[in-house]
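Novice: Handing over upload.pdb, PDB, C-alpha atoms.
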ATOM      1  CA  MET I 940       0.000   0.000   0.000
ATOM      2  CA  GLU I 941       2.843   2.422   0.820
ATOM      3  CA  GLN I 942       4.198   1.861  -2.703
ATOM      4  CA  GLU I 943       0.955   2.846  -4.439
ATOM      5  CA  ILE I 944       1.492   5.698  -6.907
ATOM      6  CA  VAL I 945      -0.446   8.938  -6.393
ATOM      7  CA  LYS I 946      -0.480  12.286  -8.180
ATOM      8  CA  VAL I 947       1.572  15.095  -6.661
ATOM      9  CA  PHE I 948       0.461  18.751  -6.759
ATOM     10  CA  ASN I 949       1.734  22.203  -5.895
ATOM     11  CA  GLU I 950      -0.192  24.382  -3.435
ATOM     12  CA  GLN I 951      -2.346  25.727  -6.286
ATOM     13  CA  HIS I 952      -3.593  22.176  -7.022
ATOM     14  CA  GLU I 953      -1.634  21.958 -10.276
ATOM     15  CA  GLN I 954      -0.242  18.487 -10.926
ATOM     16  CA  ILE I 955       3.571  18.437 -10.913
ATOM     17  CA  GLY I 956       4.260  14.686 -11.002
ATOM     18  CA  THR I 957       3.671  11.415  -9.186
ATOM     19  CA  ALA I 958       5.153   9.707  -6.116
ATOM     20  CA  THR I 959       4.506   6.774  -3.826
ATOM     21  CA  ARG I 960       2.274   7.116  -0.781
ATOM     22  CA  ALA I 961       5.335   6.661   1.409
ATOM     23  CA  GLU I 962       7.118   9.534  -0.361
ATOM     24  CA  VAL I 963       4.236  12.015  -0.156
ATOM     25  CA  HIS I 964       3.922  11.487   3.602
ATOM     26  CA  GLU I 965       7.655  11.551   4.185
ATOM     27  CA  LYS I 966       8.241  14.749   2.196
ATOM     28  CA  GLY I 967       4.913  16.487   2.812
ATOM     29  CA  LEU I 968       3.940  16.508  -0.872
ATOM     30  CA  TRP I 969       0.406  17.598  -1.748
ATOM     31  CA  HIS I 970      -1.806  14.735  -2.987
ATOM     32  CA  GLU I 971      -5.508  13.925  -3.395
ATOM     33  CA  THR I 972      -7.873  11.985  -1.163
ATOM     34  CA  PHE I 973     -11.544  10.995  -1.354
ATOM     35  CA  HIS I 974     -13.828  11.582   1.658
ATOM     36  CA  CYS I 975     -17.351  10.207   1.927
ATOM     37  CA  TRP I 976     -19.443  11.064   4.972
ATOM     38  CA  LEU I 977     -22.564   9.052   5.763
ATOM     39  CA  VAL I 978     -25.205  11.505   6.934
ATOM     40  CA  ASN I 979     -28.933  12.041   7.206
ATOM     41  CA  GLU I 980     -31.243  14.705   8.542
ATOM     42  CA  ASN I 981     -30.438  13.760  12.131
ATOM     43  CA  TYR I 982     -26.986  12.155  12.282
ATOM     44  CA  ILE I 983     -23.409  12.144  11.023
ATOM     45  CA  TYR I 984     -21.457   8.866  11.045
ATOM     46  CA  PHE I 985     -17.831   8.164  11.925
ATOM     47  CA  GLN I 986     -15.702   5.076  11.496
ATOM     48  CA  ILE I 987     -13.574   3.662  14.294
ATOM     49  CA  ARG I 988     -10.120   3.083  12.819
ATOM     50  CA  SER I 989      -8.778  -0.417  13.340
ATOM     51  CA  ALA I 990      -6.289  -0.965  16.156
ATOM     52  CA  GLN I 991      -4.063  -2.516  13.463
ATOM     53  CA  LYS I 992      -3.683   0.794  11.589
ATOM     54  CA  LYS I 993      -0.224   2.331  11.531
ATOM     55  CA  ASP I 994      -1.624   5.855  11.758
ATOM     56  CA  TYR I 995      -4.170   6.938  14.394
ATOM     57  CA  PRO I 996      -5.230   3.421  15.484
ATOM     58  CA  GLY I 997      -8.564   3.281  17.309
ATOM     59  CA  LEU I 998      -9.465   6.923  16.656
ATOM     60  CA  LEU I 999     -12.711   8.210  15.147
ATOM     61  CA  ASP I1000     -12.470   9.302  11.516
ATOM     62  CA  ILE I1001     -14.353  10.211   8.310
ATOM     63  CA  THR I1002     -16.920   7.471   7.579
ATOM     64  CA  ALA I1003     -14.958   6.285   4.525
ATOM     65  CA  ALA I1004     -11.863   7.830   2.982
ATOM     66  CA  GLY I1005      -8.716   6.996   1.103
ATOM     67  CA  HIS I1006      -5.997   8.102  -1.262
ATOM     68  CA  LEU I1007      -6.749   8.573  -4.957
ATOM     69  CA  LEU I1008      -4.297   6.639  -7.096
ATOM     70  CA  ALA I1009      -2.593   8.312 -10.054
ATOM     71  CA  ILE I1010      -4.669   6.268 -12.502
ATOM     72  CA  GLU I1011      -8.013   7.065 -10.828
ATOM     73  CA  THR I1012     -10.611   9.748 -11.377
ATOM     74  CA  VAL I1013     -12.010  11.509  -8.321
ATOM     75  CA  GLU I1014     -15.283   9.596  -8.726
ATOM     76  CA  ALA I1015     -13.402   6.287  -8.592
ATOM     77  CA  GLY I1016     -12.767   7.037  -4.939
ATOM     78  CA  ILE I1017     -16.256   5.745  -4.216
ATOM     79  CA  ARG I1018     -14.599   2.303  -4.058
ATOM     80  CA  GLU I1019     -13.479   3.284  -0.535
ATOM     81  CA  VAL I1020     -17.082   3.085   0.675
ATOM     82  CA  ARG I1021     -17.355  -0.471  -0.602
ATOM     83  CA  GLU I1022     -13.899  -1.551   0.562
ATOM     84  CA  GLU I1023     -14.045  -0.096   4.080
ATOM     85  CA  LEU I1024     -17.754  -0.325   4.948
ATOM     86  CA  GLY I1025     -19.128  -2.975   2.592
ATOM     87  CA  LEU I1026     -21.735  -0.585   1.182
ATOM     88  CA  THR I1027     -22.267  -0.769  -2.577
ATOM     89  CA  ILE I1028     -23.397   2.653  -3.718
ATOM     90  CA  ASP I1029     -23.402   4.429  -7.058
ATOM     91  CA  ILE I1030     -21.750   7.735  -7.886
ATOM     92  CA  ASP I1031     -25.125   9.329  -8.621
ATOM     93  CA  GLU I1032     -26.280   8.496  -5.073
ATOM     94  CA  ILE I1033     -23.682  10.728  -3.422
ATOM     95  CA  VAL I1034     -23.718  14.508  -3.135
ATOM     96  CA  LYS I1035     -20.568  16.471  -3.959
ATOM     97  CA  MET I1036     -19.695  19.075  -1.354
ATOM     98  CA  GLY I1037     -16.463  20.263  -2.978
ATOM     99  CA  MET I1038     -12.732  20.213  -2.368
ATOM    100  CA  THR I1039     -10.875  21.351   0.737
ATOM    101  CA  SER I1040      -7.253  21.249   1.804
ATOM    102  CA  CYS I1041      -6.017  19.641   4.978
ATOM    103  CA  SER I1042      -2.582  19.409   6.601
ATOM    104  CA  ILE I1043      -1.797  17.088   9.493
ATOM    105  CA  VAL I1044       1.756  17.081  10.844
ATOM    106  CA  SER I1045       2.745  14.339  13.265
ATOM    107  CA  GLU I1046       5.961  12.655  14.361
ATOM    108  CA  LYS I1047       5.455   9.980  11.711
ATOM    109  CA  MET I1048       4.452  12.037   8.679
ATOM    110  CA  ILE I1049       3.521  15.325   7.013
ATOM    111  CA  ASP I1050       0.125  14.757   5.415
ATOM    112  CA  ASN I1051      -0.833  17.514   2.946
ATOM    113  CA  GLU I1052      -4.092  16.620   1.213
ATOM    114  CA  PHE I1053      -6.532  18.057  -1.294
ATOM    115  CA  CYS I1054      -9.707  16.348  -0.093
ATOM    116  CA  HIS I1055     -12.631  15.730  -2.461
ATOM    117  CA  VAL I1056     -15.610  15.658  -0.097
ATOM    118  CA  TYR I1057     -18.856  13.777  -0.786
ATOM    119  CA  LEU I1058     -21.910  12.912   1.297
ATOM    120  CA  TYR I1059     -24.131   9.852   1.157
ATOM    121  CA  PRO I1060     -27.708   9.971   2.532
ATOM    122  CA  PHE I1061     -27.745   6.941   4.847
ATOM    123  CA  GLU I1062     -30.852   5.439   6.395
ATOM    124  CA  ASP I1063     -29.570   4.156   9.742
ATOM    125  CA  ASN I1064     -29.241   0.495   8.717
ATOM    126  CA  TRP I1065     -26.602  -0.973  11.036
ATOM    127  CA  ASP I1066     -26.950  -4.401   9.396
ATOM    128  CA  SER I1067     -25.697  -3.118   6.056
ATOM    129  CA  PHE I1068     -22.065  -2.749   7.165
ATOM    130  CA  LYS I1069     -19.506  -5.418   6.257
ATOM    131  CA  LEU I1070     -16.292  -3.892   7.519
ATOM    132  CA  GLN I1071     -12.744  -4.315   6.279
ATOM    133  CA  TYR I1072     -11.374  -5.268   9.692
ATOM    134  CA  GLU I1073      -7.745  -4.353   9.054
ATOM    135  CA  GLU I1074      -8.994  -0.823   8.280
ATOM    136  CA  VAL I1075     -12.205  -0.267  10.266
ATOM    137  CA  SER I1076     -13.388  -1.825  13.523
ATOM    138  CA  GLY I1077     -16.703  -0.056  14.002
ATOM    139  CA  VAL I1078     -19.166   2.652  12.997
ATOM    140  CA  VAL I1079     -20.773   5.220  15.303
ATOM    141  CA  ARG I1080     -22.973   8.248  14.867
ATOM    142  CA  ALA I1081     -23.640  11.558  16.604
ATOM    143  CA  LYS I1082     -26.590  13.930  16.426
ATOM    144  CA  LEU I1083     -25.967  16.678  13.874
ATOM    145  CA  ASP I1084     -26.723  19.603  16.182
ATOM    146  CA  GLU I1085     -24.594  18.190  19.009
ATOM    147  CA  ALA I1086     -21.732  17.408  16.619
ATOM    148  CA  GLU I1087     -21.866  20.923  15.182
ATOM    149  CA  ASP I1088     -21.514  22.490  18.635
ATOM    150  CA  PHE I1089     -18.690  20.085  19.489
ATOM    151  CA  PHE I1090     -16.658  20.766  16.354
ATOM    152  CA  LEU I1091     -17.229  24.522  16.714
ATOM    153  CA  GLY I1092     -15.685  24.235  20.170
ATOM    154  CA  LYS I1093     -18.873  25.106  22.064
ATOM    155  CA  THR I1094     -18.869  21.803  23.983
ATOM    156  CA  VAL I1095     -15.987  19.606  25.161
ATOM    157  CA  THR I1096     -17.600  16.180  24.769
ATOM    158  CA  LEU I1097     -19.795  14.523  22.140
ATOM    159  CA  ASN I1098     -22.151  11.609  22.720
ATOM    160  CA  ILE I1099     -21.685   8.815  20.187
ATOM    161  CA  GLU I1100     -23.583   5.569  19.654
ATOM    162  CA  GLY I1101     -23.078   2.650  17.332
ATOM    163  CA  TYR I1102     -21.318  -0.695  17.125
ATOM    164  CA  GLU I1103     -17.941  -2.289  17.097
ATOM    165  CA  TYR I1104     -17.985  -5.201  14.633
ATOM    166  CA  PHE I1105     -16.030  -8.452  14.860
ATOM    167  CA  PRO I1106     -14.851 -10.890  12.142
ATOM    168  CA  ASP I1107     -17.103 -13.648  13.539
ATOM    169  CA  GLY I1108     -20.186 -11.587  12.730
ATOM    170  CA  GLN I1109     -20.823 -10.410  16.276
ATOM    171  CA  ARG I1110     -21.076  -6.769  17.229
ATOM    172  CA  ALA I1111     -20.883  -4.848  20.486
ATOM    173  CA  ARG I1112     -22.892  -1.746  21.290
ATOM    174  CA  VAL I1113     -20.931   1.473  21.739
ATOM    175  CA  VAL I1114     -22.485   4.340  23.717
ATOM    176  CA  ARG I1115     -20.130   6.879  25.265
ATOM    177  CA  PRO I1116     -19.060  10.517  25.376
ATOM    178  CA  VAL I1117     -15.815  11.333  23.525
ATOM    179  CA  SER I1118     -13.469  14.321  23.427
ATOM    180  CA  THR I1119     -11.391  15.766  20.595
ATOM    181  CA  ALA I1120      -8.544  13.463  21.658
ATOM    182  CA  GLN I1121     -10.581  10.525  20.294
ATOM    183  CA  PHE I1122     -10.704  11.990  16.756
ATOM    184  CA  VAL I1123      -8.145  12.113  13.993
ATOM    185  CA  PRO I1124      -6.922  15.757  14.063
ATOM    186  CA  TYR I1125      -8.645  17.318  11.056
ATOM    187  CA  ARG I1126      -8.250  20.875   9.854
ATOM    188  CA  GLU I1127      -9.987  23.130  12.326
ATOM    189  CA  LEU I1128     -13.706  23.517  11.503
ATOM    190  CA  TYR I1129     -13.619  20.909   8.695
ATOM    191  CA  VAL I1130     -16.298  18.705  10.270
ATOM    192  CA  ALA I1131     -18.345  21.756  11.272
ATOM    193  CA  ASP I1132     -18.269  22.847   7.616
ATOM    194  CA  VAL I1133     -19.503  19.393   6.544
ATOM    195  CA  ILE I1134     -22.374  19.558   9.037
ATOM    196  CA  ASP I1135     -23.280  23.069   7.909
ATOM    197  CA  PHE I1136     -23.479  21.801   4.316
ATOM    198  CA  VAL I1137     -25.670  18.852   5.379
ATOM    199  CA  LYS I1138     -28.088  21.078   7.291
ATOM    200  CA  ASN I1139     -28.289  23.951   4.821
ATOM    201  CA  SER I1140     -27.793  22.339   1.417
ATOM    202  CA  MET I1141     -28.973  18.735   1.740
ATOM    203  CA  TYR I1142     -31.652  19.080   4.389
ATOM    204  CA  SER I1143     -32.442  22.778   4.600
ATOM    205  CA  ARG I1144     -34.915  23.295   7.407
TER     206      ARG I1144
END
Now that the file is in, can you turn its structure into structure tokens?
Specialist:
Amino acid sequence: MEQEIVKVFNEQHEQIGTATRAEVHEKGLWHETFHCWLVNENYIYFQIRSAQKKDYPGLLDITAAGHLLAIETVEAGIREVREELGLTIDIDEIVKMGMTSCSIVSEKMIDNEFCHVYLYPFEDNWDSFKLQYEEVSGVVRAKLDEAEDFFLGKTVTLNIEGYEYFPDGQRARVVRPVSTAQFVPYRELYVADVIDFVKNSMYSR
């Protein structure tokens, strides 16, 4: 996976070449990712990253996301939803929010991404998930209004509910409050912007 080839861009999102995933993270090169959030009028969904993941194991993250390979179109990124969550959806079923940039600097890597953000209207069917266990260990959700306040910094904890899934087909209920320490460190206000789009563009009230 670290040797997969991705497109490399300058800060103006102009392609300047290609590199491996390992190289872009090591050198902080700009590259493209695909984000798909499962949402509905009431909830936003997060994946629990597998404990086996090299980066941010066990933390809460975008419902489904991944790197776009050099040979792929942006729309081809929808494969991440099938690979990680087991949901087979079509490109015309998802809503394009747009592109944003995101930089995460940690001890292990410099992750500079142009993120193509999409949303999928999801109808709360917990039985529909068939997770890729080396990538994702569970799926949880939070109420939109509560999540918006949390990601705007108005509250310090967020109530989540959902399930951790196991390879034998069993699942365990998850209900707990979480803090920002339990989330992958996104660009400030990124998730709040997603929720604002859901409330005002997809489900304007």
Novice: Around (-19.9, 0.3, 9.3) in the file's own coordinates, what residues are found within 10 Å if you use only C-alpha atoms, given back as a list of chain:residue names?
Specialist: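 These residues have at least one counted atom within 10 Å: I:Leu977, I:Tyr984, I:Phe985, I:Gln986, I:Ile987, I:Thr1002, I:Ala1003, I:Val1020, I:Glu1023, I:Leu1024, I:Gly1025, I:Leu1026, I:Asn1064, I:Trp1065, I:Asp1066, I:Ser1067, I:Phe1068, I:Lys1069, I:Leu1070, I:Gln1071, I:Val1075, I:Ser1076, I:Gly1077, I:Val1078, I:Val1079, I:Gly1101, I:Tyr1102, I:Glu1103, I:Tyr1104.
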Novice: Expanded to explicit residues, what is the PyMOL selection byres ((chain I and resi 942) around 6) for this file, as a VMD selection string?
Specialist: chain I and resid 940 to 941 943 959 to 960
Novice: Which residues are close to I:Leu1007, i.e. within 10 Å by all atoms listed in the file, leaving aside same-chain residues fewer than 6 positions away? Reply as a list of chain:residue names.
Specialist: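 Residues meeting the cut-off are I:Glu943, I:Ile944, I:Val945, I:Lys946, I:His970, I:Glu971, I:Thr972, I:Phe973, I:Val1013, I:Glu1014, I:Ala1015, I:Gly1016, I:Ile1017, I:Glu1019, I:Cys1054, I:His1055.
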Novice: Evaluate the PyMOL selection byres ((chain I and resi 997) around 12) and record the selected residues as a VMD selection string, following the chain and residue labels used in the document.
Specialist: chain I and resid 985 to 996 998 to 1000 1072 to 1078 1103 1120 to 1123
Novice: Output the selection as a short mmCIF file (atom, residue, chain, number, x, y, z; two decimals), keeping the file's coordinate frame - C-alpha atoms for each residue.
Specialist:
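Output file part-v7.cif follows:
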data_model
loop_
_atom_site.label_atom_id
_atom_site.label_comp_id
_atom_site.auth_asym_id
_atom_site.auth_seq_id
_atom_site.Cartn_x
_atom_site.Cartn_y
_atom_site.Cartn_z
CA PHE I 985 -17.83 8.16 11.92
CA GLN I 986 -15.70 5.08 11.50
CA ILE I 987 -13.57 3.66 14.29
CA ARG I 988 -10.12 3.08 12.82
CA SER I 989 -8.78 -0.42 13.34
CA ALA I 990 -6.29 -0.96 16.16
CA GLN I 991 -4.06 -2.52 13.46
CA LYS I 992 -3.68 0.79 11.59
CA LYS I 993 -0.22 2.33 11.53
CA ASP I 994 -1.62 5.86 11.76
CA TYR I 995 -4.17 6.94 14.39
CA PRO I 996 -5.23 3.42 15.48
CA LEU I 998 -9.46 6.92 16.66
CA LEU I 999 -12.71 8.21 15.15
CA ASP I 1000 -12.47 9.30 11.52
CA TYR I 1072 -11.37 -5.27 9.69
CA GLU I 1073 -7.74 -4.35 9.05
CA GLU I 1074 -8.99 -0.82 8.28
CA VAL I 1075 -12.20 -0.27 10.27
CA SER I 1076 -13.39 -1.82 13.52
CA GLY I 1077 -16.70 -0.06 14.00
CA VAL I 1078 -19.17 2.65 13.00
CA GLU I 1103 -17.94 -2.29 17.10
CA ALA I 1120 -8.54 13.46 21.66
CA GLN I 1121 -10.58 10.52 20.29
CA PHE I 1122 -10.70 11.99 16.76
CA VAL I 1123 -8.14 12.11 13.99
#
Novice: Assuming 6 Å of padding per side, give the centre and edge lengths of the axis-aligned box around every listed atom of stretch 1022-1040 of chain I, in Å to one decimal and as JSON.
Specialist:
{"center_x": -16.8, "center_y": 9.2, "center_z": -1.8, "size_x": 31.0, "size_y": 36.3, "size_z": 25.6}
Novice: Mind pulling up the distance from atom CA of I:Cys975 to atom CA of I:Ile1001?
Specialist: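 Those two atoms sit 7.1 Å apart.
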Novice: Quick one: of I:Ala1131, I:Ile983, I:Leu1083, I:Val947, who's nearest to I:Leu1008, counting only C-alpha atoms?
Specialist: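 The closest residue to I:Leu1008 is I:Val947.
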Novice: For each of I:Gly967, I:Gly1092, I:Pro1106, I:Pro1116, take the minimum atom-to-atom distance to I:Leu1128, counting all atoms listed in the file, then give the residue where this is smallest.
Specialist: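 With all atoms listed in the file as the atom set, the closest residue is I:Gly1092.
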Novice: With all atoms listed in the file as the atoms that count, which of I:Glu1052, I:Ala1111, I:Met1038, I:Ala961 lies nearest to I:Gly1005?
Specialist: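 Checking each candidate against I:Gly1005, we get I:Glu1052 as the closest.
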Novice: Could you tell me how far atom CA of I:Asn981 lies from atom CA of I:Val1034, in Å and to one decimal?
Specialist: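 Interatomic distance here is 16.7 Å.
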Novice: Tell me, as an NGL selection string, which residues lie within 8 Å of I:Ala1081, counting all atoms listed in the file; anything in the same chain fewer than 5 positions away does not count.
Specialist: :I and (982-984 or 1086 or 1097-1100)
Novice: Would you mind exporting C-alpha atoms of the selected residues as a tab-separated table (two decimals), in the coordinates of the input?
Specialist:
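Once everything was written out, this is out_16.tsv:
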chain	number	residue	atom	x	y	z
I	982	TYR	CA	-26.99	12.16	12.28
I	983	ILE	CA	-23.41	12.14	11.02
I	984	TYR	CA	-21.46	8.87	11.04
I	1086	ALA	CA	-21.73	17.41	16.62
I	1097	LEU	CA	-19.80	14.52	22.14
I	1098	ASN	CA	-22.15	11.61	22.72
I	1099	ILE	CA	-21.68	8.82	20.19
I	1100	GLU	CA	-23.58	5.57	19.65
Novice: Rank nothing, just name the residue among I:Met1036, I:Ala1004, I:Ile1030, I:Cys1041 nearest to I:Ile1134, using only C-alpha atoms.
Specialist: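 Using only C-alpha atoms, I:Ile1134 sits closest to I:Met1036.
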Novice: Between atom CA of I:Thr1119 and atom CA of I:Glu1062, what is the distance in Å, rounded to a tenth?
Specialist: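 If I compute the distance from atom CA of I:Thr1119 to atom CA of I:Glu1062, I get 26.2 Å.
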Novice: Measuring between all atoms listed in the file, which one of I:Ile1033, I:Ile1010, I:Ile1043, I:Ile1028 shows the shortest distance to I:Pro1124?
Specialist: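 Between I:Ile1033, I:Ile1010, I:Ile1043, I:Ile1028, the residue approaching I:Pro1124 most closely is I:Ile1043.
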Novice: Compare I:Trp969, I:Phe1089, I:Phe1136, I:Phe1105 by their minimum atom-to-atom distance to I:Glu953, counting all atoms listed in the file, and give me the closest one.
Specialist: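 Nearest candidate to I:Glu953 out of I:Trp969, I:Phe1089, I:Phe1136, I:Phe1105: I:Trp969.
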Novice: Residues picked by the PyMOL selection byres ((chain I and resi 1046) around 12) here, as a CSV table (one decimal) with C-alpha atoms, in the frame of the given file?
Specialist:
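Final output, expr.csv:
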chain,number,residue,atom,x,y,z
I,964,HIS,CA,3.9,11.5,3.6
I,965,GLU,CA,7.7,11.6,4.2
I,994,ASP,CA,-1.6,5.9,11.8
I,995,TYR,CA,-4.2,6.9,14.4
I,1043,ILE,CA,-1.8,17.1,9.5
I,1044,VAL,CA,1.8,17.1,10.8
I,1045,SER,CA,2.7,14.3,13.3
I,1047,LYS,CA,5.5,10.0,11.7
I,1048,MET,CA,4.5,12.0,8.7
I,1049,ILE,CA,3.5,15.3,7.0
I,1050,ASP,CA,0.1,14.8,5.4
